[in-house]
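Single-structure report; data block below.
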Amino acid sequence: EAEVAQSPRYKITEKSQAVAFWCDPISGHATLYWYRQILGQGPELLVQFQDESVVDDSQLPKDRFSAERLKGVDSTLKIQPAELGDSAMYLCASSSGQGNSYNEQFFGPGTRLTVL
Amino acid sequence: AQSVTQLGSHVSVSEGALVLLRCNYSSSVPPYLFWYVQYPNQGLQLLLKYTSAATLVKGINGFEAEFKKSETSFHLTKPSAHMSDAAEYFCAVSGFGGAQKLVFGQGTRLTINP
(Lines give C-alpha, C1' and ligand atoms only; values in the text may rest on other atoms or scores of the structure.)
Protein backbone atom coordinates (compact mmCIF):
# COMPACT_ATOMS: atom_id res chain seq x y z
CA GLU A 1 0.00 0.00 0.00
CA ALA A 2 1.40 3.40 -1.00
CA GLU A 3 2.34 5.67 1.86
CA VAL A 4 3.66 9.16 2.46
CA ALA A 5 7.26 8.97 3.64
CA GLN A 6 8.90 11.49 5.95
CA SER A 7 12.38 11.76 7.37
CA PRO A 8 13.80 12.08 9.88
CA ARG A 9 11.19 10.79 12.32
CA TYR A 10 12.80 12.64 15.21
CA LYS A 11 15.11 15.65 15.27
CA ILE A 12 16.71 17.40 18.23
CA THR A 13 18.50 20.64 17.60
CA GLU A 14 19.67 23.71 19.44
CA LYS A 15 18.09 27.07 18.90
CA SER A 16 19.60 29.15 16.11
CA GLN A 17 20.58 26.02 14.18
CA ALA A 18 19.15 25.10 10.78
CA VAL A 19 16.94 22.04 10.32
CA ALA A 20 15.36 20.42 7.28
CA PHE A 21 12.59 17.89 6.87
CA TRP A 22 11.86 15.77 3.84
CA CYS A 23 8.59 14.41 2.48
CA ASP A 24 7.94 11.96 -0.35
CA PRO A 25 4.23 11.90 -1.25
CA ILE A 26 2.29 9.03 -2.72
CA SER A 27 3.28 8.57 -6.34
CA GLY A 28 1.15 10.63 -8.69
CA HIS A 29 -0.25 12.93 -6.03
CA ALA A 30 -0.22 16.49 -7.30
CA THR A 31 -1.07 18.23 -4.03
CA LEU A 32 1.28 18.26 -1.07
CA TYR A 33 0.65 19.82 2.34
CA TRP A 34 2.89 20.62 5.29
CA TYR A 35 1.12 20.94 8.64
CA ARG A 36 2.56 21.87 12.03
CA GLN A 37 1.10 20.32 15.16
CA ILE A 38 2.09 21.90 18.45
CA LEU A 39 1.73 19.59 21.45
CA GLY A 40 -1.86 19.54 22.66
CA GLN A 41 -3.23 21.24 19.56
CA GLY A 42 -4.60 20.26 16.18
CA PRO A 43 -2.48 20.46 13.03
CA GLU A 44 -2.31 23.80 11.23
CA LEU A 45 -1.46 24.22 7.57
CA LEU A 46 1.92 25.82 6.88
CA VAL A 47 2.12 25.47 3.12
CA GLN A 48 0.26 23.80 0.26
CA PHE A 49 1.73 22.90 -3.13
CA GLN A 50 -0.04 22.08 -6.35
CA ASP A 51 2.66 20.33 -8.39
CA GLU A 52 5.70 22.60 -7.90
CA SER A 53 3.73 25.79 -7.21
CA VAL A 54 2.81 27.20 -3.81
CA VAL A 55 -0.94 27.79 -3.57
CA ASP A 56 -1.17 28.72 0.12
CA ASP A 57 1.63 29.80 2.43
CA SER A 58 -0.30 32.37 4.40
CA GLN A 59 0.59 30.76 7.76
CA LEU A 60 4.25 30.07 6.95
CA PRO A 61 6.64 32.26 9.00
CA LYS A 62 8.59 33.34 5.98
CA ASP A 63 11.36 35.06 7.92
CA ARG A 64 12.64 31.68 9.07
CA PHE A 65 10.72 28.96 7.22
CA SER A 66 11.05 27.95 3.59
CA ALA A 67 9.55 25.13 1.55
CA GLU A 68 10.21 23.83 -1.90
CA ARG A 69 8.97 21.14 -4.24
CA LEU A 70 11.28 21.64 -7.16
CA LYS A 71 10.18 18.85 -9.49
CA GLY A 72 6.66 18.58 -8.20
CA VAL A 73 7.39 15.34 -6.41
CA ASP A 74 9.18 15.32 -3.04
CA SER A 75 9.41 18.36 -0.83
CA THR A 76 11.71 19.91 1.76
CA LEU A 77 10.72 22.17 4.65
CA LYS A 78 13.53 24.18 6.22
CA ILE A 79 13.78 26.26 9.37
CA GLN A 80 16.67 28.66 9.84
CA PRO A 81 17.26 29.64 12.56
CA ALA A 82 15.22 27.33 14.77
CA GLU A 83 13.55 28.83 17.84
CA LEU A 84 12.26 27.17 21.00
CA GLY A 85 8.67 27.73 19.85
CA ASP A 86 9.27 25.65 16.74
CA SER A 87 9.20 22.45 18.79
CA ALA A 88 6.31 20.52 17.27
CA MET A 89 5.32 17.61 15.04
CA TYR A 90 5.63 18.44 11.34
CA LEU A 91 3.20 16.44 9.24
CA CYS A 92 3.24 16.00 5.50
CA ALA A 93 0.15 14.96 3.56
CA SER A 94 -0.65 14.39 -0.09
CA SER A 95 -3.73 14.06 -2.25
CA SER A 96 -4.39 13.48 -5.91
CA GLY A 97 -5.68 17.05 -6.12
CA GLN A 98 -7.54 16.44 -9.34
CA GLY A 99 -10.94 17.69 -10.36
CA ASN A 100 -13.51 19.30 -8.14
CA SER A 101 -14.60 16.30 -6.14
CA TYR A 102 -13.26 15.26 -2.77
CA ASN A 103 -9.64 14.11 -2.68
CA GLU A 104 -8.56 12.33 0.49
CA GLN A 105 -5.41 13.60 2.18
CA PHE A 106 -3.02 10.85 3.24
CA PHE A 107 -0.69 11.71 6.10
CA GLY A 108 2.86 10.63 6.72
CA PRO A 109 4.15 9.58 10.18
CA GLY A 110 5.52 13.06 10.90
CA THR A 111 8.81 14.50 12.10
CA ARG A 112 8.94 15.41 15.76
CA LEU A 113 11.23 18.42 16.28
CA THR A 114 12.62 19.37 19.65
CA VAL A 115 14.50 22.66 19.91
CA LEU A 116 16.71 23.02 23.00
CA ALA B 1 -13.57 31.26 7.00
CA GLN B 2 -13.88 27.85 8.60
CA SER B 3 -13.33 26.66 12.14
CA VAL B 4 -13.96 23.66 14.33
CA THR B 5 -14.64 23.44 18.05
CA GLN B 6 -14.24 20.17 19.88
CA LEU B 7 -16.02 20.15 23.22
CA GLY B 8 -13.89 18.44 25.84
CA SER B 9 -10.15 18.10 25.53
CA HIS B 10 -10.27 14.84 27.46
CA VAL B 11 -12.98 12.18 27.56
CA SER B 12 -12.80 9.07 29.69
CA VAL B 13 -15.15 6.09 29.34
CA SER B 14 -15.25 2.51 30.57
CA GLU B 15 -14.57 -0.38 28.24
CA GLY B 16 -17.86 -1.39 26.62
CA ALA B 17 -19.49 2.00 27.21
CA LEU B 18 -20.73 4.46 24.61
CA VAL B 19 -18.16 6.83 23.15
CA LEU B 20 -19.37 10.33 22.25
CA LEU B 21 -16.92 12.97 21.01
CA ARG B 22 -18.42 16.34 20.18
CA CYS B 23 -17.58 18.58 17.24
CA ASN B 24 -19.19 21.81 16.08
CA TYR B 25 -18.11 23.60 12.94
CA SER B 26 -18.37 26.99 11.36
CA SER B 27 -18.19 27.41 7.61
CA SER B 28 -19.25 30.07 5.15
CA VAL B 29 -19.57 27.44 2.41
CA PRO B 30 -21.02 23.93 2.41
CA PRO B 31 -18.42 21.89 4.24
CA TYR B 32 -16.71 18.59 4.02
CA LEU B 33 -16.24 17.19 7.54
CA PHE B 34 -13.81 14.61 8.84
CA TRP B 35 -12.74 12.71 11.92
CA TYR B 36 -9.13 11.60 12.23
CA VAL B 37 -7.45 9.46 14.87
CA GLN B 38 -3.83 9.85 16.01
CA TYR B 39 -1.86 7.36 18.08
CA PRO B 40 1.25 8.57 19.96
CA ASN B 41 4.04 9.78 17.70
CA GLN B 42 2.18 8.78 14.58
CA GLY B 43 0.45 10.57 11.73
CA LEU B 44 -3.26 10.97 11.26
CA GLN B 45 -5.58 8.21 10.09
CA LEU B 46 -8.95 9.00 8.53
CA LEU B 47 -11.83 7.49 10.50
CA LEU B 48 -14.70 8.80 8.41
CA LYS B 49 -15.81 11.68 6.22
CA TYR B 50 -18.93 13.60 5.24
CA THR B 51 -18.86 14.84 1.65
CA SER B 52 -22.51 15.82 1.08
CA ALA B 53 -23.93 12.34 0.58
CA ALA B 54 -25.66 10.53 3.45
CA THR B 55 -25.78 12.53 6.68
CA LEU B 56 -25.09 9.44 8.80
CA VAL B 57 -21.58 8.35 8.00
CA LYS B 58 -20.04 5.03 9.01
CA GLY B 59 -16.29 4.70 9.34
CA ILE B 60 -13.64 2.25 10.37
CA ASN B 61 -13.40 0.46 13.72
CA GLY B 62 -17.15 0.76 14.40
CA PHE B 63 -17.25 4.57 14.54
CA GLU B 64 -19.97 6.68 13.00
CA ALA B 65 -20.93 10.35 12.86
CA GLU B 66 -24.03 12.31 11.92
CA PHE B 67 -23.95 15.61 10.04
CA LYS B 68 -26.59 17.97 11.47
CA LYS B 69 -26.70 21.19 9.51
CA SER B 70 -29.25 22.85 11.80
CA GLU B 71 -26.94 22.29 14.79
CA THR B 72 -23.67 22.74 12.83
CA SER B 73 -22.50 19.54 14.47
CA PHE B 74 -20.67 16.39 13.48
CA HIS B 75 -20.38 14.32 16.65
CA LEU B 76 -18.48 11.01 16.63
CA THR B 77 -19.95 7.94 18.33
CA LYS B 78 -19.16 4.29 18.95
CA PRO B 79 -21.62 2.04 20.76
CA SER B 80 -19.06 0.03 22.71
CA ALA B 81 -15.56 1.28 23.56
CA HIS B 82 -12.55 -0.98 23.23
CA MET B 83 -9.18 -0.53 24.90
CA SER B 84 -7.60 -0.06 21.47
CA ASP B 85 -9.72 3.07 20.92
CA ALA B 86 -7.54 5.05 23.32
CA ALA B 87 -6.01 7.80 21.20
CA GLU B 88 -6.33 11.47 20.19
CA TYR B 89 -9.24 12.32 17.93
CA PHE B 90 -9.44 15.35 15.66
CA CYS B 91 -12.43 16.81 13.89
CA ALA B 92 -11.65 18.77 10.72
CA VAL B 93 -13.46 20.83 8.10
CA SER B 94 -12.62 21.79 4.55
CA GLY B 95 -14.42 23.49 1.72
CA PHE B 96 -15.84 21.73 -1.31
CA GLY B 97 -13.40 21.02 -4.09
CA GLY B 98 -10.49 18.83 -4.95
CA ALA B 99 -7.51 20.34 -3.18
CA GLN B 100 -8.70 22.01 -0.02
CA LYS B 101 -6.74 22.46 3.18
CA LEU B 102 -8.05 20.90 6.39
CA VAL B 103 -8.85 23.09 9.39
CA PHE B 104 -8.60 21.03 12.57
CA GLY B 105 -10.07 21.28 16.01
CA GLN B 106 -7.92 21.17 19.14
CA GLY B 107 -8.40 17.44 19.59
CA THR B 108 -9.98 15.21 22.21
CA ARG B 109 -7.94 12.64 24.08
CA LEU B 110 -9.98 9.48 24.65
CA THR B 111 -9.07 7.29 27.60
CA ILE B 112 -10.62 3.85 28.07
CA ASN B 113 -10.89 2.50 31.61
CA PRO B 114 -10.82 -1.29 32.07
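Chain lettering (A, B, ...) mirrors the order of the C-alpha coordinates, residue numbering begins at 1 for each chain separately, and ligand numbering begins at 1 in order of display.
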Residues of chain B that have any atom at most 12 Å from an atom of chain A: could you tabulate them with the shortest-distance atom pair and the distance in Å to one decimal, using only C-alpha atoms, ordered by chain and increasing number, as a Markdown table?
| residue | atom | partner | partner_atom | distance |
| --- | --- | --- | --- | --- |
| B:Ser3 | CA | A:Glu44 | CA | 11.4 |
| B:Val4 | CA | A:Gly42 | CA | 10.1 |
| B:Thr5 | CA | A:Gly42 | CA | 10.7 |
| B:Gln6 | CA | A:Gly42 | CA | 10.3 |
| B:Ser9 | CA | A:Gly40 | CA | 8.9 |
| B:His10 | CA | A:Gly40 | CA | 10.8 |
| B:Pro31 | CA | A:Tyr102 | CA | 10.9 |
| B:Tyr32 | CA | A:Tyr102 | CA | 8.3 |
| B:Leu33 | CA | A:Tyr102 | CA | 10.9 |
| B:Phe34 | CA | A:Glu104 | CA | 10.1 |
| B:Trp35 | CA | A:Gly42 | CA | 11.9 |
| B:Tyr36 | CA | A:Phe107 | CA | 10.4 |
| B:Val37 | CA | A:Gly42 | CA | 11.3 |
| B:Gln38 | CA | A:Pro109 | CA | 9.9 |
| B:Tyr39 | CA | A:Pro109 | CA | 10.2 |
| B:Pro40 | CA | A:Pro109 | CA | 10.3 |
| B:Asn41 | CA | A:Pro109 | CA | 7.5 |
| B:Gln42 | CA | A:Pro109 | CA | 4.9 |
| B:Gly43 | CA | A:Pro109 | CA | 4.1 |
| B:Leu44 | CA | A:Phe107 | CA | 5.8 |
| B:Gln45 | CA | A:Phe107 | CA | 7.2 |
| B:Leu46 | CA | A:Phe106 | CA | 8.2 |
| B:Leu47 | CA | A:Glu104 | CA | 11.6 |
| B:Leu48 | CA | A:Glu104 | CA | 10.6 |
| B:Lys49 | CA | A:Glu104 | CA | 9.3 |
| B:Tyr50 | CA | A:Tyr102 | CA | 9.9 |
| B:Thr51 | CA | A:Tyr102 | CA | 7.1 |
| B:Ser52 | CA | A:Tyr102 | CA | 10.0 |
| B:Ala53 | CA | A:Tyr102 | CA | 11.6 |
| B:Glu88 | CA | A:Gly40 | CA | 9.5 |
| B:Tyr89 | CA | A:Gly42 | CA | 9.4 |
| B:Phe90 | CA | A:Gly42 | CA | 6.9 |
| B:Cys91 | CA | A:Gly42 | CA | 8.9 |
| B:Ala92 | CA | A:Gly42 | CA | 9.0 |
| B:Val93 | CA | A:Glu44 | CA | 12.0 |
| B:Ser94 | CA | A:Tyr102 | CA | 9.8 |
| B:Gly95 | CA | A:Tyr102 | CA | 9.4 |
| B:Phe96 | CA | A:Tyr102 | CA | 7.1 |
| B:Gly97 | CA | A:Asn100 | CA | 4.4 |
| B:Gly98 | CA | A:Asn100 | CA | 4.4 |
| B:Ala99 | CA | A:Gly97 | CA | 4.8 |
| B:Gln100 | CA | A:Asn103 | CA | 8.4 |
| B:Lys101 | CA | A:Leu45 | CA | 7.1 |
| B:Leu102 | CA | A:Leu45 | CA | 7.5 |
| B:Val103 | CA | A:Glu44 | CA | 6.8 |
| B:Phe104 | CA | A:Gly42 | CA | 5.4 |
| B:Gly105 | CA | A:Gly42 | CA | 5.6 |
| B:Gln106 | CA | A:Gly42 | CA | 4.5 |
| B:Gly107 | CA | A:Gly42 | CA | 5.8 |
| B:Thr108 | CA | A:Gly40 | CA | 9.2 |
| B:Arg109 | CA | A:Gly40 | CA | 9.3 |
query: Got a sec: who's within 12 Å of B:Glu71, counting only C-alpha atoms, leaving out chain neighbours fewer than 2 positions off, as a VMD selection string?
result: chain B and resid 22 to 26 66 to 69 73 to 75
- prompt: Near A:Ala20, counting only C-alpha atoms, which residues have an atom at most 12 Å away, once you skip same-chain residues fewer than 4 positions from it, shown as number ranges by chain?
  reply: A: 6-13, 64-68, 75-82, 90, 111-113
Take the residues that were just selected and, keeping N, CA, C and O atoms, output them as an mmCIF file, in the first residue's frame.
data_model
loop_
_atom_site.group_PDB
_atom_site.id
_atom_site.type_symbol
_atom_site.label_atom_id
_atom_site.label_comp_id
_atom_site.auth_asym_id
_atom_site.auth_seq_id
_atom_site.Cartn_x
_atom_site.Cartn_y
_atom_site.Cartn_z
ATOM 1 N N GLN A 6 8.285 10.300 5.380
ATOM 2 C CA GLN A 6 8.896 11.494 5.953
ATOM 3 C C GLN A 6 10.181 11.091 6.662
ATOM 4 O O GLN A 6 10.260 10.020 7.263
ATOM 5 N N SER A 7 11.172 11.975 6.600
ATOM 6 C CA SER A 7 12.382 11.763 7.371
ATOM 7 C C SER A 7 12.993 13.101 7.761
ATOM 8 O O SER A 7 12.768 14.107 7.064
ATOM 9 N N PRO A 8 13.709 13.149 8.899
ATOM 10 C CA PRO A 8 13.798 12.083 9.877
ATOM 11 C C PRO A 8 12.500 11.956 10.665
ATOM 12 O O PRO A 8 11.628 12.807 10.562
ATOM 13 N N ARG A 9 12.354 10.921 11.457
ATOM 14 C CA ARG A 9 11.190 10.792 12.322
ATOM 15 C C ARG A 9 11.322 11.671 13.552
ATOM 16 O O ARG A 9 10.340 12.203 14.058
ATOM 17 N N TYR A 10 12.529 11.817 14.033
ATOM 18 C CA TYR A 10 12.804 12.641 15.210
ATOM 19 C C TYR A 10 14.039 13.498 14.941
ATOM 20 O O TYR A 10 14.984 13.045 14.311
ATOM 21 N N LYS A 11 13.979 14.744 15.438
ATOM 22 C CA LYS A 11 15.113 15.651 15.272
ATOM 23 C C LYS A 11 15.230 16.511 16.513
ATOM 24 O O LYS A 11 14.261 17.137 16.933
ATOM 25 N N ILE A 12 16.420 16.522 17.110
ATOM 26 C CA ILE A 12 16.710 17.396 18.233
ATOM 27 C C ILE A 12 17.772 18.367 17.779
ATOM 28 O O ILE A 12 18.800 17.960 17.218
ATOM 29 N N THR A 13 17.544 19.639 18.014
ATOM 30 C CA THR A 13 18.497 20.644 17.601
ATOM 31 C C THR A 13 18.551 21.750 18.640
ATOM 32 O O THR A 13 17.673 21.862 19.497
ATOM 33 N N ARG A 64 11.760 32.771 8.651
ATOM 34 C CA ARG A 64 12.644 31.682 9.067
ATOM 35 C C ARG A 64 12.326 30.345 8.392
ATOM 36 O O ARG A 64 13.142 29.434 8.407
ATOM 37 N N PHE A 65 11.136 30.203 7.846
ATOM 38 C CA PHE A 65 10.722 28.956 7.221
ATOM 39 C C PHE A 65 10.758 29.097 5.695
ATOM 40 O O PHE A 65 10.399 30.145 5.154
ATOM 41 N N SER A 66 11.149 28.013 5.042
ATOM 42 C CA SER A 66 11.052 27.949 3.586
ATOM 43 C C SER A 66 10.663 26.541 3.173
ATOM 44 O O SER A 66 10.945 25.573 3.889
ATOM 45 N N ALA A 67 9.970 26.441 2.060
ATOM 46 C CA ALA A 67 9.547 25.131 1.551
ATOM 47 C C ALA A 67 9.702 25.114 0.046
ATOM 48 O O ALA A 67 9.488 26.134 -0.618
ATOM 49 N N GLU A 68 10.083 23.957 -0.455
ATOM 50 C CA GLU A 68 10.206 23.833 -1.898
ATOM 51 C C GLU A 68 9.787 22.446 -2.358
ATOM 52 O O GLU A 68 9.851 21.481 -1.601
ATOM 53 N N SER A 75 9.382 16.991 -1.348
ATOM 54 C CA SER A 75 9.412 18.359 -0.828
ATOM 55 C C SER A 75 10.316 18.444 0.389
ATOM 56 O O SER A 75 10.490 17.464 1.122
ATOM 57 N N THR A 76 10.884 19.629 0.599
ATOM 58 C CA THR A 76 11.713 19.908 1.763
ATOM 59 C C THR A 76 11.189 21.142 2.478
ATOM 60 O O THR A 76 10.870 22.151 1.833
ATOM 61 N N LEU A 77 11.082 21.044 3.791
ATOM 62 C CA LEU A 77 10.719 22.167 4.647
ATOM 63 C C LEU A 77 11.941 22.510 5.501
ATOM 64 O O LEU A 77 12.512 21.620 6.132
ATOM 65 N N LYS A 78 12.332 23.766 5.492
ATOM 66 C CA LYS A 78 13.527 24.179 6.219
ATOM 67 C C LYS A 78 13.187 25.272 7.226
ATOM 68 O O LYS A 78 12.336 26.129 6.971
ATOM 69 N N ILE A 79 13.893 25.220 8.354
ATOM 70 C CA ILE A 79 13.779 26.259 9.370
ATOM 71 C C ILE A 79 15.185 26.768 9.663
ATOM 72 O O ILE A 79 16.096 25.985 9.947
ATOM 73 N N GLN A 80 15.370 28.072 9.525
ATOM 74 C CA GLN A 80 16.668 28.662 9.839
ATOM 75 C C GLN A 80 16.492 30.122 10.233
ATOM 76 O O GLN A 80 16.037 30.929 9.410
ATOM 77 N N PRO A 81 16.811 30.487 11.464
ATOM 78 C CA PRO A 81 17.264 29.638 12.561
ATOM 79 C C PRO A 81 16.083 29.088 13.352
ATOM 80 O O PRO A 81 15.021 29.716 13.426
ATOM 81 N N ALA A 82 16.273 27.920 13.947
ATOM 82 C CA ALA A 82 15.223 27.332 14.770
ATOM 83 C C ALA A 82 15.082 28.093 16.082
ATOM 84 O O ALA A 82 16.072 28.578 16.649
ATOM 85 N N TYR A 90 5.833 17.921 12.692
ATOM 86 C CA TYR A 90 5.625 18.438 11.345
ATOM 87 C C TYR A 90 5.099 17.294 10.484
ATOM 88 O O TYR A 90 5.783 16.290 10.279
ATOM 89 N N THR A 111 7.487 14.280 11.512
ATOM 90 C CA THR A 111 8.809 14.499 12.096
ATOM 91 C C THR A 111 8.615 15.283 13.375
ATOM 92 O O THR A 111 8.052 16.379 13.353
ATOM 93 N N ARG A 112 9.064 14.696 14.487
ATOM 94 C CA ARG A 112 8.942 15.407 15.762
ATOM 95 C C ARG A 112 10.226 16.200 15.997
ATOM 96 O O ARG A 112 11.300 15.623 16.123
ATOM 97 N N LEU A 113 10.087 17.517 16.066
ATOM 98 C CA LEU A 113 11.226 18.418 16.275
ATOM 99 C C LEU A 113 11.240 18.912 17.706
ATOM 100 O O LEU A 113 10.219 19.392 18.211
#
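If you look at atom CA of B:Leu7 and atom CA of A:Asp86, they are 26.7 Å away from each other.
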query: Neighbours of B:Val13 within 7 Å (only C-alpha atoms; same-chain residues fewer than 2 positions away dropped), as a ChimeraX atom specification?
result: /B:11,15,17,19,111-113
task: DSSP on the backbone, then: every residue of chain A marked strand (DSSP E or B), written as a ChimeraX atom specification.
output: /A:5-7,10-13,19-24,31-37,44-50,53-56,65-68,75-79,88-95,106-107,111-115
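Rounded to one decimal, atom CA of B:Ser12 and atom CA of B:Ser80 lie 13.0 Å from each other.
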